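Visitor: Structure supplied as structure-v7.cif; contents: mmCIF, C-alpha atoms (C1' of nucleotides).
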```
data_protein
loop_
_atom_site.label_atom_id
_atom_site.label_comp_id
_atom_site.auth_asym_id
_atom_site.auth_seq_id
_atom_site.Cartn_x
_atom_site.Cartn_y
_atom_site.Cartn_z
CA MET J 1 9.69 23.38 10.36
CA SER J 2 6.69 21.87 12.10
CA PHE J 3 3.83 19.55 11.10
CA ALA J 4 1.46 22.51 11.55
CA SER J 5 3.37 24.50 8.92
CA LEU J 6 2.70 21.66 6.46
CA ASN J 7 -0.99 22.52 6.71
CA LEU J 8 -2.00 19.28 8.34
CA ALA J 9 -5.43 19.31 9.98
CA ALA J 10 -5.90 19.58 13.74
CA PRO J 11 -6.98 15.96 14.36
CA LEU J 12 -3.80 14.73 12.64
CA LEU J 13 -1.61 17.20 14.53
CA ASN J 14 -3.15 16.04 17.81
CA ALA J 15 -2.52 12.41 16.96
CA LEU J 16 1.09 13.20 16.05
CA GLU J 17 1.60 15.01 19.32
CA ALA J 18 0.08 12.13 21.26
CA ALA J 19 2.38 9.72 19.43
CA GLY J 20 5.39 11.85 20.35
CA TYR J 21 6.32 13.04 16.85
CA GLU J 22 7.89 16.47 17.12
CA LYS J 23 8.92 17.64 13.71
CA PRO J 24 8.78 16.28 10.17
CA THR J 25 11.69 14.27 8.80
CA PRO J 26 13.17 15.48 5.48
CA ILE J 27 11.11 13.00 3.47
CA GLN J 28 7.94 14.08 5.28
CA ALA J 29 8.68 17.76 4.75
CA SER J 30 9.02 17.15 1.01
CA ALA J 31 6.36 14.52 0.39
CA ILE J 32 3.49 15.80 2.52
CA PRO J 33 2.88 19.05 0.57
CA ALA J 34 3.20 17.26 -2.78
CA VAL J 35 0.75 14.49 -1.88
CA LEU J 36 -1.62 17.02 -0.31
CA ALA J 37 -1.58 18.97 -3.58
CA GLY J 38 -2.68 15.85 -5.43
CA ARG J 39 0.60 15.43 -7.28
CA ASP J 40 2.08 12.10 -8.30
CA VAL J 41 5.24 11.51 -6.28
CA MET J 42 8.34 9.42 -6.86
CA ALA J 43 10.23 9.39 -3.58
CA CYS J 44 13.61 7.82 -3.17
CA ALA J 45 14.17 7.17 0.50
CA GLN J 46 15.84 4.58 2.64
CA THR J 47 14.09 2.78 5.43
CA GLY J 48 13.85 4.56 8.78
CA THR J 49 13.22 7.97 7.25
CA GLY J 50 9.61 8.19 8.32
CA LYS J 51 8.15 7.40 4.92
CA THR J 52 5.04 5.63 6.22
CA ALA J 53 3.87 8.86 7.83
CA ALA J 54 5.04 10.76 4.74
CA PHE J 55 2.36 9.07 2.63
CA LEU J 56 -0.27 8.27 5.27
CA LEU J 57 -0.68 11.75 6.76
CA PRO J 58 -1.46 13.62 3.52
CA THR J 59 -3.55 10.69 2.26
CA LEU J 60 -5.65 10.68 5.43
CA GLN J 61 -6.11 14.43 5.12
CA ARG J 62 -7.24 14.17 1.50
CA LEU J 63 -9.63 11.33 2.29
CA GLU J 64 -11.03 13.39 5.14
CA THR J 65 -11.42 16.55 3.10
CA ARG J 66 -12.79 15.14 -0.12
CA ARG J 67 -16.32 13.82 -0.33
CA ALA J 68 -16.50 10.03 -0.39
CA PRO J 69 -18.66 8.74 -3.25
CA ALA J 70 -21.27 6.13 -2.36
CA GLY J 71 -20.49 2.50 -3.09
CA ARG J 72 -17.96 -0.05 -1.92
CA GLY J 73 -14.24 -0.64 -2.28
CA PRO J 74 -11.15 1.30 -1.26
CA ARG J 75 -10.49 5.01 -1.82
CA ALA J 76 -6.77 4.50 -1.24
CA LEU J 77 -4.73 1.38 -1.96
CA VAL J 78 -1.30 0.77 -0.43
CA LEU J 79 0.77 -2.13 -1.81
CA THR J 80 3.62 -3.51 0.31
CA PRO J 81 6.08 -6.36 -0.26
CA THR J 82 5.49 -8.34 2.95
CA ARG J 83 2.45 -9.27 5.00
CA GLU J 84 3.90 -7.95 8.24
CA LEU J 85 4.60 -4.59 6.63
CA ALA J 86 1.02 -4.38 5.38
CA THR J 87 -0.29 -4.98 8.89
CA GLN J 88 2.05 -2.39 10.29
CA VAL J 89 1.03 0.29 7.78
CA ARG J 90 -2.63 -0.34 8.58
CA ASP J 91 -1.88 -0.03 12.31
CA ALA J 92 0.02 3.22 11.71
CA ALA J 93 -2.98 4.59 9.82
CA SER J 94 -5.18 3.82 12.83
CA VAL J 95 -2.79 5.70 15.10
CA TYR J 96 -2.63 8.81 12.90
CA ALA J 97 -6.39 8.73 12.30
CA LYS J 98 -7.33 8.55 15.95
CA GLY J 99 -9.18 11.84 15.61
CA LEU J 100 -10.90 10.74 12.39
CA PRO J 101 -12.83 7.73 13.70
CA HIS J 102 -15.15 7.44 10.72
CA LEU J 103 -12.30 6.44 8.37
CA ARG J 104 -12.11 2.68 7.73
CA PHE J 105 -8.98 0.64 7.13
CA GLY J 106 -8.30 -2.94 6.16
CA THR J 107 -5.61 -5.36 4.98
CA ILE J 108 -5.62 -8.04 2.31
CA VAL J 109 -2.65 -10.44 2.61
CA GLY J 110 -1.93 -14.09 1.90
CA GLY J 111 -1.77 -16.91 4.40
CA VAL J 112 -5.09 -16.12 6.06
CA PRO J 113 -8.69 -17.18 5.28
CA TYR J 114 -10.58 -15.67 2.35
CA PRO J 115 -14.11 -15.11 3.74
CA PRO J 116 -13.33 -12.16 6.05
CA GLN J 117 -11.45 -10.50 3.18
CA GLU J 118 -14.41 -11.01 0.85
CA LYS J 119 -16.65 -9.30 3.40
CA LEU J 120 -14.13 -6.49 3.74
CA LEU J 121 -14.14 -5.88 -0.01
CA MET J 122 -17.94 -5.67 -0.05
CA ARG J 123 -17.82 -2.64 2.23
CA PRO J 124 -16.70 0.93 1.67
CA LEU J 125 -13.09 1.33 2.80
CA ASP J 126 -10.89 4.39 3.07
CA ILE J 127 -7.44 2.82 3.07
CA LEU J 128 -6.76 -0.76 2.03
CA VAL J 129 -3.24 -2.11 2.58
CA ALA J 130 -2.39 -5.23 0.63
CA THR J 131 0.34 -7.55 -0.61
CA PRO J 132 0.07 -7.97 -4.40
CA GLY J 133 -0.50 -11.74 -4.70
CA ARG J 134 -3.63 -12.19 -2.64
CA PHE J 135 -5.05 -8.87 -3.76
CA LEU J 136 -4.72 -9.85 -7.42
CA ASP J 137 -6.34 -13.15 -6.54
CA HIS J 138 -9.40 -11.26 -5.28
CA MET J 139 -9.35 -9.04 -8.35
CA GLU J 140 -9.42 -12.04 -10.67
CA ARG J 141 -12.41 -13.39 -8.77
CA GLY J 142 -14.17 -10.12 -9.54
CA ARG J 143 -14.40 -9.02 -5.94
CA VAL J 144 -12.63 -5.68 -6.16
CA ASP J 145 -14.47 -2.47 -6.94
CA PHE J 146 -12.14 0.35 -7.98
CA SER J 147 -14.86 2.90 -8.79
CA ARG J 148 -14.07 4.93 -5.66
CA LEU J 149 -10.29 4.62 -5.91
CA GLU J 150 -8.46 7.97 -5.70
CA VAL J 151 -4.87 7.14 -4.82
CA VAL J 152 -2.45 4.23 -5.08
CA ILE J 153 0.73 4.07 -2.99
CA LEU J 154 3.51 1.64 -3.85
CA ASP J 155 5.64 1.17 -0.74
CA GLU J 156 9.11 -0.42 -1.06
CA ALA J 157 8.60 -0.60 -4.82
CA ASP J 158 12.15 -1.83 -5.43
CA ARG J 159 11.59 -4.68 -3.04
CA MET J 160 8.35 -5.65 -4.77
CA LEU J 161 10.17 -5.86 -8.09
CA ASP J 162 12.98 -7.89 -6.52
CA MET J 163 10.36 -10.33 -5.34
CA GLY J 164 8.94 -10.78 -8.79
CA PHE J 165 5.81 -8.67 -8.31
CA LEU J 166 6.33 -6.56 -11.43
CA THR J 167 3.58 -8.17 -13.50
CA ASP J 168 1.24 -8.39 -10.52
CA VAL J 169 1.72 -4.70 -9.79
CA GLU J 170 1.22 -3.77 -13.43
CA ARG J 171 -1.98 -5.81 -13.67
CA ILE J 172 -3.34 -4.22 -10.51
CA MET J 173 -2.43 -0.75 -11.74
CA ALA J 174 -4.01 -1.38 -15.14
CA ALA J 175 -7.34 -2.00 -13.44
CA THR J 176 -7.31 1.27 -11.48
CA PRO J 177 -8.95 4.49 -12.72
CA ALA J 178 -6.75 6.58 -15.01
CA THR J 179 -7.59 9.61 -12.89
CA ARG J 180 -5.87 8.16 -9.83
CA GLN J 181 -3.03 9.81 -7.95
CA THR J 182 0.07 7.61 -7.73
CA VAL J 183 2.77 7.72 -5.08
CA MET J 184 5.82 5.52 -5.27
CA PHE J 185 8.47 4.94 -2.60
CA SER J 186 11.67 3.11 -3.35
CA ALA J 187 15.14 2.83 -1.85
CA THR J 188 16.66 3.03 -5.32
CA PHE J 189 15.59 4.83 -8.45
CA GLU J 190 17.32 3.08 -11.27
CA GLY J 191 16.69 0.68 -14.11
CA ARG J 192 13.42 -1.13 -13.76
CA ILE J 193 12.15 1.23 -11.06
CA ALA J 194 12.64 4.24 -13.32
CA THR J 195 10.91 2.38 -16.15
CA LEU J 196 7.97 1.44 -13.96
CA ALA J 197 7.73 4.98 -12.62
CA GLY J 198 7.71 6.31 -16.18
CA ARG J 199 4.73 4.12 -17.00
CA LEU J 200 2.72 4.68 -13.82
CA LEU J 201 3.38 8.27 -12.79
CA LYS J 202 2.19 11.46 -14.47
CA ASP J 203 4.50 14.45 -14.20
CA PRO J 204 5.71 13.26 -10.80
CA GLU J 205 7.36 15.38 -8.18
CA ARG J 206 10.71 13.68 -7.65
CA ILE J 207 11.98 13.59 -4.12
CA ARG J 208 15.38 12.27 -3.26
CA ILE J 209 16.74 12.27 0.26
CA ALA J 210 20.49 11.90 0.42
CA ALA J 211 21.65 8.80 2.23
CA THR J 212 23.63 10.91 4.68
CA GLU J 213 20.42 12.59 5.74
CA ALA J 214 18.51 9.37 5.65
CA GLN J 215 21.02 7.39 7.60
CA ASN J 216 20.21 7.35 11.24
CA ALA J 217 23.26 8.74 13.00
CA LYS J 218 22.10 7.06 16.17
CA ILE J 219 22.97 3.58 14.93
CA ALA J 220 26.46 2.57 16.05
CA GLN J 221 27.86 -0.08 13.76
CA HIS J 222 30.75 -2.46 14.18
CA VAL J 223 31.96 -5.84 13.04
CA HIS J 224 33.65 -8.78 14.71
CA TYR J 225 35.92 -10.95 12.62
CA VAL J 226 35.39 -14.59 13.46
CA SER J 227 37.34 -17.69 12.51
CA ASP J 228 34.46 -20.17 12.42
CA VAL J 229 30.76 -20.61 13.08
CA ALA J 230 31.32 -21.90 16.62
CA GLN J 231 33.09 -18.67 17.53
CA LYS J 232 30.35 -16.63 15.89
CA LYS J 233 27.78 -18.38 18.01
CA ALA J 234 29.79 -18.08 21.23
CA MET J 235 30.31 -14.35 20.63
CA LEU J 236 26.63 -13.79 20.00
CA MET J 237 25.75 -15.57 23.23
CA ALA J 238 28.28 -13.46 25.15
CA LEU J 239 26.93 -10.23 23.65
CA LEU J 240 23.33 -11.15 24.38
CA ASN J 241 24.27 -11.32 28.07
CA GLU J 242 25.57 -7.76 28.18
CA ASP J 243 23.73 -5.30 30.39
CA ALA J 244 22.92 -2.76 27.71
CA MET J 245 21.08 -5.35 25.68
CA GLY J 246 17.42 -4.55 25.23
CA GLN J 247 15.48 -6.40 22.62
CA ALA J 248 17.42 -7.75 19.66
CA ILE J 249 16.87 -9.02 16.14
CA VAL J 250 19.36 -11.59 14.92
CA PHE J 251 19.39 -12.03 11.14
CA THR J 252 20.33 -15.36 9.59
CA GLY J 253 20.82 -16.31 5.97
CA THR J 254 18.44 -19.25 5.95
CA LYS J 255 15.09 -20.22 7.44
CA HIS J 256 16.53 -23.40 8.91
CA GLY J 257 19.39 -21.41 10.39
CA ALA J 258 16.87 -19.09 12.07
CA ASP J 259 15.08 -22.05 13.67
CA ARG J 260 18.28 -23.65 14.94
CA LEU J 261 19.74 -20.44 16.31
CA ALA J 262 16.49 -19.48 18.06
CA THR J 263 16.52 -22.85 19.82
CA ALA J 264 20.17 -22.42 20.82
CA ILE J 265 19.56 -18.92 22.19
CA GLY J 266 16.57 -20.25 24.10
CA GLN J 267 18.79 -22.92 25.66
CA ASN J 268 21.09 -20.14 26.81
CA GLY J 269 18.36 -18.68 28.94
CA HIS J 270 16.83 -15.97 26.71
CA THR J 271 13.30 -15.78 25.43
CA ALA J 272 13.88 -16.24 21.73
CA ALA J 273 11.72 -17.04 18.71
CA ALA J 274 12.24 -17.53 15.00
CA LEU J 275 10.45 -15.58 12.26
CA HIS J 276 10.55 -16.70 8.63
CA GLY J 277 8.42 -17.42 5.61
CA ASP J 278 8.03 -21.15 6.16
CA MET J 279 6.02 -20.56 9.32
CA ARG J 280 2.25 -20.46 9.20
CA GLN J 281 0.90 -16.93 9.10
CA GLY J 282 -0.76 -17.34 12.49
CA ALA J 283 2.57 -18.29 14.04
CA ARG J 284 4.28 -15.36 12.29
CA ASN J 285 1.73 -12.93 13.65
CA ARG J 286 1.90 -14.42 17.14
CA THR J 287 5.68 -14.28 17.22
CA LEU J 288 5.80 -10.68 16.06
CA ALA J 289 3.12 -9.74 18.61
CA GLN J 290 5.13 -11.40 21.40
CA PHE J 291 8.24 -9.57 20.26
CA ARG J 292 6.38 -6.25 20.22
CA ALA J 293 5.01 -6.99 23.68
CA GLY J 294 8.51 -7.81 24.94
CA THR J 295 7.69 -11.35 26.04
CA VAL J 296 10.13 -12.47 23.35
CA ARG J 297 13.39 -10.60 23.76
CA VAL J 298 15.40 -12.01 20.88
CA LEU J 299 13.86 -12.40 17.44
CA VAL J 300 15.85 -14.62 15.08
CA ALA J 301 14.71 -13.82 11.57
CA THR J 302 15.40 -14.13 7.89
CA ASP J 303 15.17 -11.06 5.69
CA VAL J 304 11.37 -11.24 5.93
CA ALA J 305 11.95 -8.93 8.92
CA ALA J 306 14.63 -6.80 7.25
CA ARG J 307 12.28 -4.11 6.04
CA GLY J 308 9.75 -1.97 7.74
CA ILE J 309 9.42 -3.77 11.06
CA ASP J 310 9.13 -1.00 13.62
CA VAL J 311 9.68 -1.92 17.27
CA ALA J 312 11.05 0.93 19.40
CA ALA J 313 12.65 -1.28 22.04
CA ILE J 314 15.12 -2.95 19.65
CA SER J 315 18.53 -1.93 21.01
CA HIS J 316 20.59 -4.29 18.86
CA VAL J 317 20.56 -5.77 15.39
CA PHE J 318 22.92 -8.69 14.85
CA ASN J 319 23.98 -9.81 11.41
CA TYR J 320 24.75 -13.37 12.38
CA ASP J 321 25.09 -14.01 8.68
CA LEU J 322 25.86 -11.01 6.50
CA PRO J 323 23.05 -10.21 4.06
CA ARG J 324 23.15 -11.14 0.42
CA SER J 325 22.87 -7.57 -0.83
CA ALA J 326 24.42 -4.43 0.58
CA GLU J 327 21.06 -2.77 0.44
CA ASP J 328 19.58 -5.40 2.73
CA TYR J 329 22.26 -4.47 5.26
CA VAL J 330 20.95 -0.90 5.40
CA HIS J 331 17.41 -2.15 5.83
CA ARG J 332 18.35 -4.66 8.52
CA ILE J 333 20.21 -2.18 10.70
CA GLY J 334 17.36 0.29 10.27
CA ARG J 335 15.32 -1.95 12.61
CA THR J 336 17.21 -0.37 15.53
CA GLY J 337 17.71 3.28 16.47
CA ARG J 338 14.01 3.94 15.96
CA ALA J 339 11.72 6.50 17.58
CA GLY J 340 14.64 8.65 18.68
CA GLN J 341 16.36 5.79 20.52
CA SER J 342 19.97 4.87 19.93
CA GLY J 343 20.86 1.47 18.57
CA SER J 344 23.72 -0.87 17.81
CA ALA J 345 24.26 -2.94 14.69
CA VAL J 346 26.72 -5.75 15.23
CA SER J 347 27.92 -7.91 12.36
CA PHE J 348 29.99 -11.08 12.34
CA ALA J 349 32.23 -11.75 9.40
CA LEU J 350 33.80 -15.08 8.56
CA ARG J 351 36.79 -15.07 6.25
CA ALA J 352 34.44 -15.94 3.42
CA GLU J 353 32.25 -12.92 4.17
CA HIS J 354 34.92 -10.23 3.95
CA GLY J 355 34.13 -9.51 0.32
CA ALA J 356 30.51 -8.98 1.27
CA LEU J 357 31.60 -6.66 4.07
CA LYS J 358 33.68 -4.57 1.68
CA ARG J 359 30.73 -4.23 -0.68
CA ILE J 360 28.53 -3.08 2.19
CA GLU J 361 31.10 -0.44 3.13
CA ARG J 362 31.32 0.72 -0.46
CA PHE J 363 27.54 0.88 -0.73
CA THR J 364 27.04 2.96 2.41
CA GLY J 365 30.21 4.97 1.91
CA GLN J 366 31.17 4.31 5.51
CA PRO J 367 33.69 1.84 6.87
CA ILE J 368 32.36 -0.37 9.64
CA PRO J 369 34.70 -0.20 12.63
CA VAL J 370 36.25 -3.50 13.69
CA ARG J 371 35.82 -4.47 17.29
CA VAL J 372 37.57 -7.13 19.30
CA LEU J 373 35.69 -8.85 22.10
CA ALA J 374 37.40 -9.75 25.38
CA GLY J 375 37.88 -13.49 25.65
CA PHE J 376 37.85 -13.92 21.90
CA PRO J 377 41.40 -13.33 20.70
CA VAL J 378 42.00 -12.64 17.05
CA THR J 379 43.17 -15.88 15.48
CA GLU J 380 45.03 -16.14 12.24
CA ALA J 381 41.94 -17.40 10.50
CA SER J 382 39.87 -14.37 11.47
CA ALA J 383 42.65 -11.80 11.24
CA GLN J 384 43.52 -12.75 7.68
CA GLY J 385 40.44 -11.12 6.37
CA ALA J 386 41.14 -7.97 8.28
CA LYS J 387 43.81 -7.18 5.72
CA GLY J 388 43.01 -3.88 4.18
CA ALA J 389 40.57 -3.10 6.93
CA ALA J 390 42.95 -3.33 9.86
CA PRO J 391 46.52 -4.47 10.20
CA ALA J 392 46.35 -8.07 11.38
CA GLY J 393 48.06 -9.04 14.58
CA ARG J 394 48.64 -5.49 15.72
CA GLY J 395 47.71 -4.41 19.19
CA ARG J 396 46.13 -6.35 21.98
CA PRO J 397 42.63 -7.70 22.01
CA GLN J 398 40.59 -5.05 23.76
CA ARG J 399 37.65 -5.25 26.01
CA SER J 400 34.35 -4.94 24.29
CA GLY J 401 33.92 -1.22 24.44
CA ASP J 402 33.76 1.81 22.25
CA ARG J 403 37.21 1.42 20.86
CA ASN J 404 38.38 0.52 17.43
CA ARG J 405 41.59 -1.20 16.47
CA ALA J 406 43.61 1.95 16.85
CA GLY J 407 42.40 2.38 20.40
CA ARG J 408 40.42 5.52 19.74
CA PRO J 409 36.80 6.00 20.62
CA GLU J 410 34.72 5.29 17.57
CA GLY J 411 34.03 8.39 15.60
CA ALA J 412 36.99 10.22 17.11
CA PRO J 413 39.38 11.83 14.67
CA GLY J 414 41.91 9.35 13.39
CA GLY J 415 45.26 10.22 11.93
CA GLY J 416 47.14 7.09 12.85
CA ARG J 417 47.71 4.06 10.74
CA GLY J 418 45.49 1.31 9.55
CA PHE J 419 41.77 1.17 9.93
CA ALA J 420 41.26 4.30 11.95
CA ARG J 421 42.99 6.42 9.36
CA ARG J 422 40.93 4.88 6.65
CA SER J 423 37.85 5.69 8.72
CA GLN J 424 38.77 9.29 8.85
CA GLU J 425 39.48 9.46 5.18
CA ARG J 426 36.28 7.81 4.18
CA ASP J 427 33.81 8.61 6.91
CA GLY J 428 30.69 10.03 5.36
CA ARG J 429 32.52 11.30 2.33
CA ALA J 430 30.93 9.19 -0.32
CA PRO J 431 28.07 10.96 -2.06
CA ALA J 432 24.75 9.34 -1.31
CA GLY J 433 23.68 9.19 -4.88
CA ARG J 434 26.53 6.93 -5.76
CA ALA J 435 25.06 4.06 -3.80
CA ARG J 436 23.91 1.26 -6.03
CA LEU J 437 22.30 -2.07 -5.41
CA GLU J 438 25.08 -4.58 -5.35
CA SER J 439 24.85 -8.30 -5.06
CA ILE J 440 27.21 -9.87 -2.64
CA GLY J 441 29.02 -13.03 -3.43
CA GLY J 442 27.07 -13.84 -6.57
"C1'" DA M 1 22.93 -20.27 -3.18
"C1'" DA M 2 18.62 -17.43 -0.20
"C1'" DA M 3 14.36 -15.17 0.89
"C1'" DA M 4 9.73 -13.35 -0.02
"C1'" DA M 5 4.85 -13.79 -2.04
"C1'" DA M 6 -1.41 -16.77 -4.05
"C1'" DC M 7 -3.34 -21.46 -3.72
#
```
Rewrite the structure of this file - the entire thing - as structure tokens.
Guide:
Amino acid sequence: MSFASLNLAAPLLNALEAAGYEKPTPIQASAIPAVLAGRDVMACAQTGTGKTAAFLLPTLQRLETRRAPAGRGPRALVLTPTRELATQVRDAASVYAKGLPHLRFGTIVGGVPYPPQEKLLMRPLDILVATPGRFLDHMERGRVDFSRLEVVILDEADRMLDMGFLTDVERIMAATPATRQTVMFSATFEGRIATLAGRLLKDPERIRIAATEAQNAKIAQHVHYVSDVAQKKAMLMALLNEDAMGQAIVFTGTKHGADRLATAIGQNGHTAAALHGDMRQGARNRTLAQFRAGTVRVLVATDVAARGIDVAAISHVFNYDLPRSAEDYVHRIGRTGRAGQSGSAVSFALRAEHGALKRIERFTGQPIPVRVLAGFPVTEASAQGAKGAAPAGRGRPQRSGDRNRAGRPEGAPGGGRGFARRSQERDGRAPAGRARLESIGG
DNA sequence: AAAAAAC
């Protein structure tokens, strides 16, 4: 299977080669022909499966092949849940369309001045990437012309609904031409998503990529049990000093927590910066640009950065606080192991977070190996929660290395007692389709 | 009990 066999045009194939893409991912192999054929598509795919290219490549090809009517406004509209994701999708379109220089792209997101966006909407555009709130704002001011609109793509549709964008999305969709092509991507395909898809899509091609295929095997996951926040912090600092550490994202549960931890990491001699929704958009953009450029090595972020952010040099994702939903865990760790690189996802679990950890394991169908860090002995407070995951108090604390509690390399066949045996029994056995969105701790 | 997104 190659991109050429998907009937993509030469300029796109050249751009893909230049960008180092070798062969289509499963979602790309399924979605590209369907979108090219003009079909509506409902694709269920986790993050990190190459879904941006899966909708951009065929869309670019269709825009290139079909005659553009005169007038203004977008021919393709992509809606995304966060501003950063919108910017990233637009940038990806520019990369893939390097050989199609006449195509025009733009973004419409909140937090930035209106006048440039008004000018943008007065011009003919090929692909417009937007967050729903600001875009609807422009629509209500009568500034959006949909007469040229051919295709609408809803990226991370489940996330948009979670964020309360359902009515915004429906109002936007109601204003688009009935003849449009509609493509919807979502990590889940249940409940409200299925209802929305039923209303918006016509005879859609349904694509579902199993989680086992979607999960990036190159992400090594493990968890450290910690007895208190001070130990969590000390462990993080120790890990950040390890040689294999490239760039890292550290996720926190609160915006304030992100600020405080970024300062603390900075005091420990690393270039660190916070990223969260209370920052001004200019500061958000600057921080992300510095992180991409590598001048900031450690990004301390809330879940605003959990989805979509694509930086190849991220070697480690830390869950300083475990995420609220199991699904967010999958999205967070998907920030590493990108572009063919390997990555590590390291979580810290307080006693109070062990329930959340269990739910994450149930959601992904994979146990997360427990690791003990040299210099941080297992105390009673931290070991307690290891019940059911690993026998507490057994064995010696081991050096931070690729060993689990049973002393076997991670991923090696188990057969002993305790956690390793459970790993073997459960590893990768849970069917992907069983995964459901589960709230943690609520 | 938290985060995101329009002003």
Visitor: Could you please determine the separation between CA of Ala76 in chain J and CA of Met42 in chain J in Å, to one decimal place?
Guide: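 The value is 16.9 Å.
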Visitor: Could you check which residues have any atom within 12 Å of (13.8, 0.6, -6.2), counting all atoms listed in the file with coordinates taken straight from the file, and then list them as a PDB file with C-alpha atoms, keeping the file's coordinate frame?
Guide:
```pdb
ATOM      1  CA  MET J  42       8.340   9.420  -6.860  1.00  0.00           C
ATOM      2  CA  ALA J  43      10.230   9.390  -3.580  1.00  0.00           C
ATOM      3  CA  CYS J  44      13.610   7.820  -3.170  1.00  0.00           C
ATOM      4  CA  ALA J  45      14.170   7.170   0.500  1.00  0.00           C
ATOM      5  CA  GLN J  46      15.840   4.580   2.640  1.00  0.00           C
ATOM      6  CA  THR J  47      14.090   2.780   5.430  1.00  0.00           C
ATOM      7  CA  PRO J  81       6.080  -6.360  -0.260  1.00  0.00           C
ATOM      8  CA  LEU J 154       3.510   1.640  -3.850  1.00  0.00           C
ATOM      9  CA  ASP J 155       5.640   1.170  -0.740  1.00  0.00           C
ATOM     10  CA  GLU J 156       9.110  -0.420  -1.060  1.00  0.00           C
ATOM     11  CA  ALA J 157       8.600  -0.600  -4.820  1.00  0.00           C
ATOM     12  CA  ASP J 158      12.150  -1.830  -5.430  1.00  0.00           C
ATOM     13  CA  ARG J 159      11.590  -4.680  -3.040  1.00  0.00           C
ATOM     14  CA  MET J 160       8.350  -5.650  -4.770  1.00  0.00           C
ATOM     15  CA  LEU J 161      10.170  -5.860  -8.090  1.00  0.00           C
ATOM     16  CA  ASP J 162      12.980  -7.890  -6.520  1.00  0.00           C
ATOM     17  CA  MET J 163      10.360 -10.330  -5.340  1.00  0.00           C
ATOM     18  CA  LEU J 166       6.330  -6.560 -11.430  1.00  0.00           C
ATOM     19  CA  MET J 184       5.820   5.520  -5.270  1.00  0.00           C
ATOM     20  CA  PHE J 185       8.470   4.940  -2.600  1.00  0.00           C
ATOM     21  CA  SER J 186      11.670   3.110  -3.350  1.00  0.00           C
ATOM     22  CA  ALA J 187      15.140   2.830  -1.850  1.00  0.00           C
ATOM     23  CA  THR J 188      16.660   3.030  -5.320  1.00  0.00           C
ATOM     24  CA  PHE J 189      15.590   4.830  -8.450  1.00  0.00           C
ATOM     25  CA  GLU J 190      17.320   3.080 -11.270  1.00  0.00           C
ATOM     26  CA  GLY J 191      16.690   0.680 -14.110  1.00  0.00           C
ATOM     27  CA  ARG J 192      13.420  -1.130 -13.760  1.00  0.00           C
ATOM     28  CA  ILE J 193      12.150   1.230 -11.060  1.00  0.00           C
ATOM     29  CA  ALA J 194      12.640   4.240 -13.320  1.00  0.00           C
ATOM     30  CA  THR J 195      10.910   2.380 -16.150  1.00  0.00           C
ATOM     31  CA  LEU J 196       7.970   1.440 -13.960  1.00  0.00           C
ATOM     32  CA  ALA J 197       7.730   4.980 -12.620  1.00  0.00           C
ATOM     33  CA  GLU J 327      21.060  -2.770   0.440  1.00  0.00           C
ATOM     34  CA  ARG J 436      23.910   1.260  -6.030  1.00  0.00           C
ATOM     35  CA  LEU J 437      22.300  -2.070  -5.410  1.00  0.00           C
TER      36      LEU J 437
END
```
Visitor: Determine, counting only C-alpha atoms (C1' of nucleotides), every residue of protein, DNA or RNA that lies within 8 Å of (-11.4, -6.8, -7.5) in the file coordinates, then give the result as a list in words.
Guide: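 Returned residue set, sorted by chain then number, is Phe135, Leu136, His138, Met139, Glu140, Arg141, Gly142, Arg143, Val144, Asp145 and Phe146 of chain J.
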Visitor: So what do you get for CA of Ser344 in chain J versus CA of Leu240 in chain J, distance-wise?
Guide: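 Separating CA of Ser344 in chain J from CA of Leu240 in chain J is a distance of 12.2 Å.
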Visitor: Convert the output of the PyMOL selection byres ((chain J) within 10 of (chain M)) on the shown file into explicit residues, formatted as a short mmCIF file (atom, residue, chain, number, x, y, z; two decimals) with C-alpha atoms, in the coordinates of the input.
Guide:
```cif
data_model
loop_
_atom_site.label_atom_id
_atom_site.label_comp_id
_atom_site.auth_asym_id
_atom_site.auth_seq_id
_atom_site.Cartn_x
_atom_site.Cartn_y
_atom_site.Cartn_z
CA PRO J 81 6.08 -6.36 -0.26
CA THR J 82 5.49 -8.34 2.95
CA ARG J 83 2.45 -9.27 5.00
CA VAL J 109 -2.65 -10.44 2.61
CA GLY J 110 -1.93 -14.09 1.90
CA GLY J 111 -1.77 -16.91 4.40
CA THR J 131 0.34 -7.55 -0.61
CA PRO J 132 0.07 -7.97 -4.40
CA GLY J 133 -0.50 -11.74 -4.70
CA ARG J 134 -3.63 -12.19 -2.64
CA PHE J 135 -5.05 -8.87 -3.76
CA LEU J 136 -4.72 -9.85 -7.42
CA ASP J 137 -6.34 -13.15 -6.54
CA HIS J 138 -9.40 -11.26 -5.28
CA ARG J 159 11.59 -4.68 -3.04
CA MET J 160 8.35 -5.65 -4.77
CA ASP J 162 12.98 -7.89 -6.52
CA MET J 163 10.36 -10.33 -5.34
CA GLY J 164 8.94 -10.78 -8.79
CA PHE J 165 5.81 -8.67 -8.31
CA GLY J 253 20.82 -16.31 5.97
CA THR J 254 18.44 -19.25 5.95
CA LYS J 255 15.09 -20.22 7.44
CA HIS J 276 10.55 -16.70 8.63
CA GLY J 277 8.42 -17.42 5.61
CA THR J 302 15.40 -14.13 7.89
CA ASP J 303 15.17 -11.06 5.69
CA VAL J 304 11.37 -11.24 5.93
CA PRO J 323 23.05 -10.21 4.06
CA ARG J 324 23.15 -11.14 0.42
CA GLY J 441 29.02 -13.03 -3.43
CA GLY J 442 27.07 -13.84 -6.57
#
```
